[in-house]
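**Q** Take this structure first; my questions come after.
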Amino acid sequence: MQRKISTPSLLLLIILVGFPQISETIYTPSLPDIAHHLHASSNMIQLTLSIYFLGFAFGVFCWGRLSDAIGRRPAMLWGIIVYGLGSLGCYLSQSVEWLLVSRFIQAFGASTGSVVTQTILRESIDGAKRHAVFAQISAALAFTPAIGPLIGGWVDQSLGFRAVFLTLVVMSVGIFMYTQAALPETRVKPASNINTLTVTKRLMADRRVWAFSFVIGATNGILFSYYAEAPFIFISFFGMQPGWFGFFGIFVALASIIGAMLSKKMLPTYPAEQIIVIGTIITTVGAACLTGLALYGISPSVSFLVLMVACIFIILLGIGMAIPNCLSLALVNYRDVLGTAGAIFGLGYYLVVSLITSGMSYFHNDSLLTMPLYFLALAIIMVVVSTKALRPEPR
């Protein structure tokens, strides 16, 4: 008789899938400060965000594959240990090169929180309930990128940027202890006979998987490219203090929360694929408005700031609608190989995220027009991809 799968608490799942995002954004208010103290250019410092997603991409493959071999719980615990070591390396960094290496290690470990948690959700919850849970978690996670700058901004303003990384070291210890005490094993049996090459071929031949991978990668790429550019826009251009910049991020995060809530309410009426298309269209409208605003005239005034935030709100609203449905639907046909399929799928879309955030750092030139044009191009491609490739499957 097959063992009944235990579902972890929603709070634990949110923490495990959310701490990588906090780690990604917590030091963004410190970017100008880090550039100054490590004698590095803004473009080079922005690469510390791109390298994070590169480490994340390889991490999701390794931890997802390992979770099939040794179990979800051990893979999660070992990943958190690696994450803690990487965070310690960031704290001790004396050069931008050292920081880049440490960020890679930190992300490699943190990625277990994403891939293993998603695997746990997909194997322990079925059908429409799974869509709803992904929407609930996405709504909660919309706060995690905003919580990062809020914490990091005030810590940096009070104690300096190194204290921000020390905060992550302490956080890794707390998360490890909570996971050790509360995370059950959800893998029913070892998956020793799974052939990675065979699973890869299945995924590569699936048009929907390609589309989901791009849309997830592009939406996250836009989100974290915004967090890479935002400190230089709001702190350097508008003159905000790091602490207030962090607080400001919570308001922006409300857009993703509202988007996820709208998605959940629309699910009984519309197919999840259609909601994804609607979300990408809304993101495109927001990016077009932001581009028009930047072309019309740029000034460090309150009115321009309000209009800019309104446009960013629309962009993130669409992202909040699209992401949970993409994550929920992507691997519904791969339940027999969820750990390995999730690892390969995660590798693919996090490489897209890394590529897009690298592009943002490459094009960064202190112009407020660069980010809107970049977002608009990506959003248009997302609309085309989601419209062409994501046809609703029969219910």
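Labels used: A, B, ... for chains in the order of the structure tokens, numbers from 1 for residues in each chain, and numbers from 1 for ligands as shown.
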Within 10 Å of segment 276-284 of chain A, counting only C-alpha atoms, which residues qualify if same-chain residues fewer than 3 places away don't, as a PyMOL selection string?
**A** chain A and resi 212+215+219+222+259-260+263+271-273+287-290+311-326+375-388+390-391
**Q** Skip Leu347 of chain A itself and residues of its chain fewer than 4 positions away, then list as a VMD selection string all residues within 6 Å of it, counting only C-alpha atoms.
**A** chain A and resid 57 to 58 60 to 61
**Q** Using only C-alpha atoms, which protein or nucleic acid residues come within 8 Å of segment 330-343 of chain A? Drop anything in the same chain fewer than 4 positions from it, and give the result as a PDB file with all heavy atoms, in the first residue's frame.
**A**
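Saved file part.pdb follows:
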```
ATOM      1  N   VAL A  60      19.242  24.577  -8.979  1.00  0.00           N
ATOM      2  CA  VAL A  60      17.948  23.892  -9.085  1.00  0.00           C
ATOM      3  C   VAL A  60      18.093  22.549  -9.795  1.00  0.00           C
ATOM      4  O   VAL A  60      17.385  21.586  -9.471  1.00  0.00           O
ATOM      5  CB  VAL A  60      16.882  24.770  -9.794  1.00  0.00           C
ATOM      6  CG1 VAL A  60      16.537  25.989  -8.973  1.00  0.00           C
ATOM      7  CG2 VAL A  60      17.310  25.166 -11.186  1.00  0.00           C
ATOM      8  N   PHE A  61      19.021  22.482 -10.745  1.00  0.00           N
ATOM      9  CA  PHE A  61      19.241  21.198 -11.415  1.00  0.00           C
ATOM     10  C   PHE A  61      19.823  20.174 -10.436  1.00  0.00           C
ATOM     11  O   PHE A  61      19.333  19.046 -10.325  1.00  0.00           O
ATOM     12  CB  PHE A  61      20.180  21.370 -12.612  1.00  0.00           C
ATOM     13  CG  PHE A  61      20.514  20.070 -13.293  1.00  0.00           C
ATOM     14  CD1 PHE A  61      19.619  19.486 -14.165  1.00  0.00           C
ATOM     15  CD2 PHE A  61      21.706  19.424 -13.035  1.00  0.00           C
ATOM     16  CE1 PHE A  61      19.906  18.271 -14.778  1.00  0.00           C
ATOM     17  CE2 PHE A  61      22.014  18.207 -13.634  1.00  0.00           C
ATOM     18  CZ  PHE A  61      21.105  17.642 -14.513  1.00  0.00           C
ATOM     19  N   CYS A  62      20.846  20.587  -9.719  1.00  0.00           N
ATOM     20  CA  CYS A  62      21.523  19.654  -8.810  1.00  0.00           C
ATOM     21  C   CYS A  62      20.618  19.226  -7.654  1.00  0.00           C
ATOM     22  O   CYS A  62      20.502  18.035  -7.357  1.00  0.00           O
ATOM     23  CB  CYS A  62      22.802  20.286  -8.263  1.00  0.00           C
ATOM     24  SG  CYS A  62      24.077  20.518  -9.500  1.00  0.00           S
ATOM     25  N   TRP A  63      19.958  20.190  -6.991  1.00  0.00           N
ATOM     26  CA  TRP A  63      19.128  19.849  -5.832  1.00  0.00           C
ATOM     27  C   TRP A  63      17.855  19.107  -6.247  1.00  0.00           C
ATOM     28  O   TRP A  63      17.403  18.199  -5.544  1.00  0.00           O
ATOM     29  CB  TRP A  63      18.767  21.102  -5.034  1.00  0.00           C
ATOM     30  CG  TRP A  63      19.947  21.803  -4.457  1.00  0.00           C
ATOM     31  CD1 TRP A  63      20.375  23.063  -4.747  1.00  0.00           C
ATOM     32  CD2 TRP A  63      20.875  21.286  -3.490  1.00  0.00           C
ATOM     33  NE1 TRP A  63      21.506  23.371  -4.034  1.00  0.00           N
ATOM     34  CE2 TRP A  63      21.837  22.293  -3.253  1.00  0.00           C
ATOM     35  CE3 TRP A  63      20.995  20.079  -2.817  1.00  0.00           C
ATOM     36  CZ2 TRP A  63      22.895  22.142  -2.365  1.00  0.00           C
ATOM     37  CZ3 TRP A  63      22.057  19.906  -1.926  1.00  0.00           C
ATOM     38  CH2 TRP A  63      22.981  20.927  -1.700  1.00  0.00           C
ATOM     39  N   GLY A  64      17.293  19.467  -7.404  1.00  0.00           N
ATOM     40  CA  GLY A  64      16.123  18.746  -7.883  1.00  0.00           C
ATOM     41  C   GLY A  64      16.451  17.288  -8.190  1.00  0.00           C
ATOM     42  O   GLY A  64      15.716  16.375  -7.827  1.00  0.00           O
ATOM     43  N   ARG A  65      17.587  17.086  -8.845  1.00  0.00           N
ATOM     44  CA  ARG A  65      18.030  15.722  -9.163  1.00  0.00           C
ATOM     45  C   ARG A  65      18.365  14.961  -7.880  1.00  0.00           C
ATOM     46  O   ARG A  65      18.011  13.793  -7.718  1.00  0.00           O
ATOM     47  CB  ARG A  65      19.272  15.799 -10.073  1.00  0.00           C
ATOM     48  CG  ARG A  65      19.693  14.482 -10.685  1.00  0.00           C
ATOM     49  CD  ARG A  65      18.753  14.059 -11.788  1.00  0.00           C
ATOM     50  NE  ARG A  65      19.160  12.790 -12.358  1.00  0.00           N
ATOM     51  CZ  ARG A  65      18.750  11.593 -11.932  1.00  0.00           C
ATOM     52  NH1 ARG A  65      17.930  11.523 -10.901  1.00  0.00           N
ATOM     53  NH2 ARG A  65      19.143  10.488 -12.513  1.00  0.00           N
ATOM     54  N   SER A  67      17.151  15.496  -4.942  1.00  0.00           N
ATOM     55  CA  SER A  67      15.944  15.240  -4.148  1.00  0.00           C
ATOM     56  C   SER A  67      15.253  13.951  -4.584  1.00  0.00           C
ATOM     57  O   SER A  67      14.561  13.314  -3.789  1.00  0.00           O
ATOM     58  CB  SER A  67      14.975  16.418  -4.237  1.00  0.00           C
ATOM     59  OG  SER A  67      14.309  16.447  -5.489  1.00  0.00           O
ATOM     60  N   ASP A  68      15.422  13.568  -5.855  1.00  0.00           N
ATOM     61  CA  ASP A  68      14.899  12.287  -6.318  1.00  0.00           C
ATOM     62  C   ASP A  68      15.718  11.126  -5.754  1.00  0.00           C
ATOM     63  O   ASP A  68      15.188  10.050  -5.484  1.00  0.00           O
ATOM     64  CB  ASP A  68      14.937  12.222  -7.851  1.00  0.00           C
ATOM     65  CG  ASP A  68      13.648  12.731  -8.490  1.00  0.00           C
ATOM     66  OD1 ASP A  68      12.665  12.936  -7.753  1.00  0.00           O
ATOM     67  OD2 ASP A  68      13.635  12.942  -9.710  1.00  0.00           O
ATOM     68  N   VAL A 115      13.254  24.812  -5.998  1.00  0.00           N
ATOM     69  CA  VAL A 115      12.955  23.598  -6.756  1.00  0.00           C
ATOM     70  C   VAL A 115      12.362  22.498  -5.885  1.00  0.00           C
ATOM     71  O   VAL A 115      11.411  21.817  -6.277  1.00  0.00           O
ATOM     72  CB  VAL A 115      14.207  23.103  -7.513  1.00  0.00           C
ATOM     73  CG1 VAL A 115      15.306  22.660  -6.564  1.00  0.00           C
ATOM     74  CG2 VAL A 115      13.839  21.960  -8.468  1.00  0.00           C
ATOM     75  N   VAL A 116      12.894  22.291  -4.691  1.00  0.00           N
ATOM     76  CA  VAL A 116      12.387  21.206  -3.838  1.00  0.00           C
ATOM     77  C   VAL A 116      11.004  21.559  -3.293  1.00  0.00           C
ATOM     78  O   VAL A 116      10.122  20.695  -3.213  1.00  0.00           O
ATOM     79  CB  VAL A 116      13.375  20.895  -2.697  1.00  0.00           C
ATOM     80  CG1 VAL A 116      12.820  19.811  -1.782  1.00  0.00           C
ATOM     81  CG2 VAL A 116      14.717  20.441  -3.274  1.00  0.00           C
ATOM     82  N   GLN A 118       8.720  23.460  -4.762  1.00  0.00           N
ATOM     83  CA  GLN A 118       7.766  23.284  -5.859  1.00  0.00           C
ATOM     84  C   GLN A 118       7.478  21.806  -6.106  1.00  0.00           C
ATOM     85  O   GLN A 118       6.334  21.419  -6.381  1.00  0.00           O
ATOM     86  CB  GLN A 118       8.305  23.936  -7.135  1.00  0.00           C
ATOM     87  CG  GLN A 118       8.296  25.448  -7.093  1.00  0.00           C
ATOM     88  CD  GLN A 118       8.779  26.068  -8.391  1.00  0.00           C
ATOM     89  OE1 GLN A 118       8.425  25.618  -9.475  1.00  0.00           O
ATOM     90  NE2 GLN A 118       9.599  27.097  -8.290  1.00  0.00           N
ATOM     91  N   THR A 119       8.503  20.967  -5.994  1.00  0.00           N
ATOM     92  CA  THR A 119       8.301  19.524  -6.149  1.00  0.00           C
ATOM     93  C   THR A 119       7.376  18.985  -5.068  1.00  0.00           C
ATOM     94  O   THR A 119       6.465  18.187  -5.334  1.00  0.00           O
ATOM     95  CB  THR A 119       9.657  18.787  -6.100  1.00  0.00           C
ATOM     96  OG1 THR A 119      10.497  19.271  -7.161  1.00  0.00           O
ATOM     97  CG2 THR A 119       9.465  17.290  -6.266  1.00  0.00           C
ATOM     98  N   ARG A 122       3.828  20.001  -5.904  1.00  0.00           N
ATOM     99  CA  ARG A 122       3.255  19.296  -7.053  1.00  0.00           C
ATOM    100  C   ARG A 122       2.916  17.840  -6.735  1.00  0.00           C
ATOM    101  O   ARG A 122       1.988  17.286  -7.323  1.00  0.00           O
ATOM    102  CB  ARG A 122       4.223  19.364  -8.238  1.00  0.00           C
ATOM    103  CG  ARG A 122       4.332  20.762  -8.851  1.00  0.00           C
ATOM    104  CD  ARG A 122       5.366  20.826  -9.957  1.00  0.00           C
ATOM    105  NE  ARG A 122       5.450  22.180 -10.518  1.00  0.00           N
ATOM    106  CZ  ARG A 122       6.581  22.842 -10.706  1.00  0.00           C
ATOM    107  NH1 ARG A 122       7.743  22.297 -10.361  1.00  0.00           N
ATOM    108  NH2 ARG A 122       6.573  24.042 -11.228  1.00  0.00           N
ATOM    109  N   GLU A 123       3.662  17.232  -5.811  1.00  0.00           N
ATOM    110  CA  GLU A 123       3.398  15.823  -5.531  1.00  0.00           C
ATOM    111  C   GLU A 123       2.444  15.616  -4.362  1.00  0.00           C
ATOM    112  O   GLU A 123       1.923  14.520  -4.164  1.00  0.00           O
ATOM    113  CB  GLU A 123       4.702  15.076  -5.260  1.00  0.00           C
ATOM    114  CG  GLU A 123       5.434  15.449  -3.987  1.00  0.00           C
ATOM    115  CD  GLU A 123       6.821  14.845  -3.917  1.00  0.00           C
ATOM    116  OE1 GLU A 123       7.154  14.016  -4.786  1.00  0.00           O
ATOM    117  OE2 GLU A 123       7.585  15.213  -3.022  1.00  0.00           O
ATOM    118  N   ALA A 191      13.669   7.356  -6.781  1.00  0.00           N
ATOM    119  CA  ALA A 191      13.498   7.368  -8.236  1.00  0.00           C
ATOM    120  C   ALA A 191      14.816   7.040  -8.907  1.00  0.00           C
ATOM    121  O   ALA A 191      15.309   7.775  -9.747  1.00  0.00           O
ATOM    122  CB  ALA A 191      12.983   8.728  -8.693  1.00  0.00           C
ATOM    123  N   ILE A 194      15.338   6.727 -12.994  1.00  0.00           N
ATOM    124  CA  ILE A 194      15.064   7.855 -13.886  1.00  0.00           C
ATOM    125  C   ILE A 194      16.325   8.203 -14.682  1.00  0.00           C
ATOM    126  O   ILE A 194      17.398   8.390 -14.118  1.00  0.00           O
ATOM    127  CB  ILE A 194      14.578   9.080 -13.096  1.00  0.00           C
ATOM    128  CG1 ILE A 194      13.178   8.804 -12.541  1.00  0.00           C
ATOM    129  CG2 ILE A 194      14.538  10.314 -13.981  1.00  0.00           C
ATOM    130  CD1 ILE A 194      12.619   9.927 -11.709  1.00  0.00           C
ATOM    131  N   THR A 196      18.139  10.928 -16.777  1.00  0.00           N
ATOM    132  CA  THR A 196      18.090  12.374 -16.967  1.00  0.00           C
ATOM    133  C   THR A 196      17.999  12.753 -18.437  1.00  0.00           C
ATOM    134  O   THR A 196      17.251  13.674 -18.812  1.00  0.00           O
ATOM    135  CB  THR A 196      19.335  13.042 -16.340  1.00  0.00           C
ATOM    136  OG1 THR A 196      19.407  12.698 -14.955  1.00  0.00           O
ATOM    137  CG2 THR A 196      19.265  14.555 -16.470  1.00  0.00           C
ATOM    138  N   VAL A 199      14.410  12.246 -19.702  1.00  0.00           N
ATOM    139  CA  VAL A 199      13.515  13.308 -19.224  1.00  0.00           C
ATOM    140  C   VAL A 199      13.792  14.609 -19.974  1.00  0.00           C
ATOM    141  O   VAL A 199      12.865  15.335 -20.355  1.00  0.00           O
ATOM    142  CB  VAL A 199      13.675  13.512 -17.704  1.00  0.00           C
ATOM    143  CG1 VAL A 199      12.778  14.658 -17.223  1.00  0.00           C
ATOM    144  CG2 VAL A 199      13.339  12.231 -16.954  1.00  0.00           C
ATOM    145  N   THR A 200      15.064  14.900 -20.212  1.00  0.00           N
ATOM    146  CA  THR A 200      15.435  16.109 -20.947  1.00  0.00           C
ATOM    147  C   THR A 200      14.840  16.094 -22.351  1.00  0.00           C
ATOM    148  O   THR A 200      14.308  17.111 -22.828  1.00  0.00           O
ATOM    149  CB  THR A 200      16.968  16.239 -21.038  1.00  0.00           C
ATOM    150  OG1 THR A 200      17.526  16.258 -19.719  1.00  0.00           O
ATOM    151  CG2 THR A 200      17.355  17.520 -21.761  1.00  0.00           C
ATOM    152  N   LEU A 203      11.129  16.883 -22.189  1.00  0.00           N
ATOM    153  CA  LEU A 203      10.891  18.307 -21.959  1.00  0.00           C
ATOM    154  C   LEU A 203      11.211  19.134 -23.207  1.00  0.00           C
ATOM    155  O   LEU A 203      10.462  20.060 -23.557  1.00  0.00           O
ATOM    156  CB  LEU A 203      11.736  18.795 -20.783  1.00  0.00           C
ATOM    157  CG  LEU A 203      11.354  18.267 -19.397  1.00  0.00           C
ATOM    158  CD1 LEU A 203      12.443  18.589 -18.388  1.00  0.00           C
ATOM    159  CD2 LEU A 203      10.036  18.871 -18.930  1.00  0.00           C
ATOM    160  N   ARG A 208       4.838  23.424 -24.867  1.00  0.00           N
ATOM    161  CA  ARG A 208       4.310  24.143 -23.714  1.00  0.00           C
ATOM    162  C   ARG A 208       5.387  24.373 -22.659  1.00  0.00           C
ATOM    163  O   ARG A 208       5.443  25.433 -22.024  1.00  0.00           O
ATOM    164  CB  ARG A 208       3.129  23.377 -23.113  1.00  0.00           C
ATOM    165  CG  ARG A 208       1.860  23.487 -23.933  1.00  0.00           C
ATOM    166  CD  ARG A 208       0.822  22.478 -23.463  1.00  0.00           C
ATOM    167  NE  ARG A 208       0.404  22.708 -22.096  1.00  0.00           N
ATOM    168  CZ  ARG A 208      -0.569  23.545 -21.726  1.00  0.00           C
ATOM    169  NH1 ARG A 208      -1.213  24.249 -22.633  1.00  0.00           N
ATOM    170  NH2 ARG A 208      -0.907  23.678 -20.452  1.00  0.00           N
ATOM    171  N   VAL A 209       6.251  23.404 -22.465  1.00  0.00           N
ATOM    172  CA  VAL A 209       7.344  23.555 -21.496  1.00  0.00           C
ATOM    173  C   VAL A 209       8.266  24.695 -21.918  1.00  0.00           C
ATOM    174  O   VAL A 209       8.689  25.517 -21.087  1.00  0.00           O
ATOM    175  CB  VAL A 209       8.128  22.239 -21.344  1.00  0.00           C
ATOM    176  CG1 VAL A 209       9.433  22.475 -20.583  1.00  0.00           C
ATOM    177  CG2 VAL A 209       7.282  21.194 -20.615  1.00  0.00           C
ATOM    178  N   PHE A 212       6.339  27.944 -21.135  1.00  0.00           N
ATOM    179  CA  PHE A 212       6.312  28.216 -19.703  1.00  0.00           C
ATOM    180  C   PHE A 212       7.689  28.663 -19.213  1.00  0.00           C
ATOM    181  O   PHE A 212       7.805  29.573 -18.395  1.00  0.00           O
ATOM    182  CB  PHE A 212       5.862  26.982 -18.924  1.00  0.00           C
ATOM    183  CG  PHE A 212       4.389  26.701 -19.001  1.00  0.00           C
ATOM    184  CD1 PHE A 212       3.929  25.454 -19.379  1.00  0.00           C
ATOM    185  CD2 PHE A 212       3.465  27.684 -18.681  1.00  0.00           C
ATOM    186  CE1 PHE A 212       2.564  25.188 -19.446  1.00  0.00           C
ATOM    187  CE2 PHE A 212       2.100  27.435 -18.740  1.00  0.00           C
ATOM    188  CZ  PHE A 212       1.647  26.181 -19.128  1.00  0.00           C
ATOM    189  N   SER A 213       8.727  27.998 -19.694  1.00  0.00           N
ATOM    190  CA  SER A 213      10.085  28.334 -19.272  1.00  0.00           C
ATOM    191  C   SER A 213      10.434  29.776 -19.626  1.00  0.00           C
ATOM    192  O   SER A 213      10.985  30.519 -18.813  1.00  0.00           O
ATOM    193  CB  SER A 213      11.081  27.370 -19.922  1.00  0.00           C
ATOM    194  OG  SER A 213      12.401  27.665 -19.513  1.00  0.00           O
ATOM    195  N   CYS A 326       1.771  29.720 -14.455  1.00  0.00           N
ATOM    196  CA  CYS A 326       2.871  29.071 -15.170  1.00  0.00           C
ATOM    197  C   CYS A 326       3.515  27.988 -14.308  1.00  0.00           C
ATOM    198  O   CYS A 326       3.764  26.865 -14.768  1.00  0.00           O
ATOM    199  CB  CYS A 326       3.923  30.100 -15.568  1.00  0.00           C
ATOM    200  SG  CYS A 326       3.444  31.204 -16.910  1.00  0.00           S
ATOM    201  N   LEU A 347      16.496  24.742 -14.243  1.00  0.00           N
ATOM    202  CA  LEU A 347      17.760  25.138 -14.874  1.00  0.00           C
ATOM    203  C   LEU A 347      17.483  26.022 -16.081  1.00  0.00           C
ATOM    204  O   LEU A 347      18.118  27.068 -16.263  1.00  0.00           O
ATOM    205  CB  LEU A 347      18.538  23.895 -15.290  1.00  0.00           C
ATOM    206  CG  LEU A 347      19.795  24.122 -16.141  1.00  0.00           C
ATOM    207  CD1 LEU A 347      20.845  24.901 -15.372  1.00  0.00           C
ATOM    208  CD2 LEU A 347      20.360  22.787 -16.636  1.00  0.00           C
TER     209      LEU A 347
END
```
**Q** Dump as CSV the rows for residues of segment 243-319 of chain A within 12 Å of segment 148-162 of chain A: closest atom pair and distance in Å with one decimal, only C-alpha atoms counted, ordered by chain and rising residue number.
**A**
```
residue,atom,partner,partner_atom,distance
A:Gly243,CA,A:Gly153,CA,4.1
A:Trp244,CA,A:Gly153,CA,7.3
A:Phe245,CA,A:Gly153,CA,6.9
A:Gly246,CA,A:Leu150,CA,3.6
A:Phe247,CA,A:Leu150,CA,5.0
A:Phe248,CA,A:Leu150,CA,7.8
A:Gly249,CA,A:Pro149,CA,6.9
A:Ile250,CA,A:Leu150,CA,7.7
A:Phe251,CA,A:Leu150,CA,11.0
A:Val252,CA,A:Pro149,CA,11.6
A:Ala253,CA,A:Pro149,CA,11.2
```
**Q** Give me a file of those residues, with C-alpha atoms, as a PDB file, in the first residue's frame.
**A**
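Once written, again-v2.pdb looks like this:
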```
ATOM      1  CA  GLY A 243      15.778  52.990   4.504  1.00  0.00           C
ATOM      2  CA  TRP A 244      12.916  54.839   2.841  1.00  0.00           C
ATOM      3  CA  PHE A 245      13.658  53.159  -0.470  1.00  0.00           C
ATOM      4  CA  GLY A 246      13.197  49.791   1.237  1.00  0.00           C
ATOM      5  CA  PHE A 247       9.862  50.859   2.702  1.00  0.00           C
ATOM      6  CA  PHE A 248       8.776  52.139  -0.699  1.00  0.00           C
ATOM      7  CA  GLY A 249       9.207  48.632  -2.141  1.00  0.00           C
ATOM      8  CA  ILE A 250       6.283  47.290  -0.091  1.00  0.00           C
ATOM      9  CA  PHE A 251       3.868  49.535  -1.958  1.00  0.00           C
ATOM     10  CA  VAL A 252       5.199  48.298  -5.280  1.00  0.00           C
ATOM     11  CA  ALA A 253       4.874  44.667  -4.115  1.00  0.00           C
TER      12      ALA A 253
END
```
**Q** Taking the DSSP secondary structure from the backbone, can you list the residues of segment 90-247 of chain A that are alpha helix (DSSP H), as a VMD selection string?
**A** chain A and resid 90 to 92 96 to 124 127 to 141 144 to 159 161 to 182 196 to 204 207 to 230 242 to 247
**Q** Which of these, A:Ser87, A:Ser328, A:Ile258, A:Leu11, has the shortest distance to Ser172 of chain A once you count only C-alpha atoms?
**A**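 Closest candidate: A:Ser87.
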**Q** Residues at most 9 Å from Ile51 of chain A, counting only C-alpha atoms, excluding those fewer than 6 positions away in the same chain, as a list in words?
**A**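 Non-adjacent residues within range: Leu100, Val101, Arg103, Phe104, Ala107, Ser354 and Ser358 of chain A.
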**Q** Between A:Leu373, A:Met240, A:Ala110, A:Leu368, which has the minimum distance to Met171 of chain A (counting only C-alpha atoms)?
**A** A:Ala110
**Q** From the set A:Gln106, A:Thr25, A:Ser301, A:Ser236, which residue has the shortest atom-to-atom contact distance to Thr144 of chain A, counting only C-alpha atoms?
**A**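 Selected residue with least distance to Thr144 of chain A: A:Thr25.
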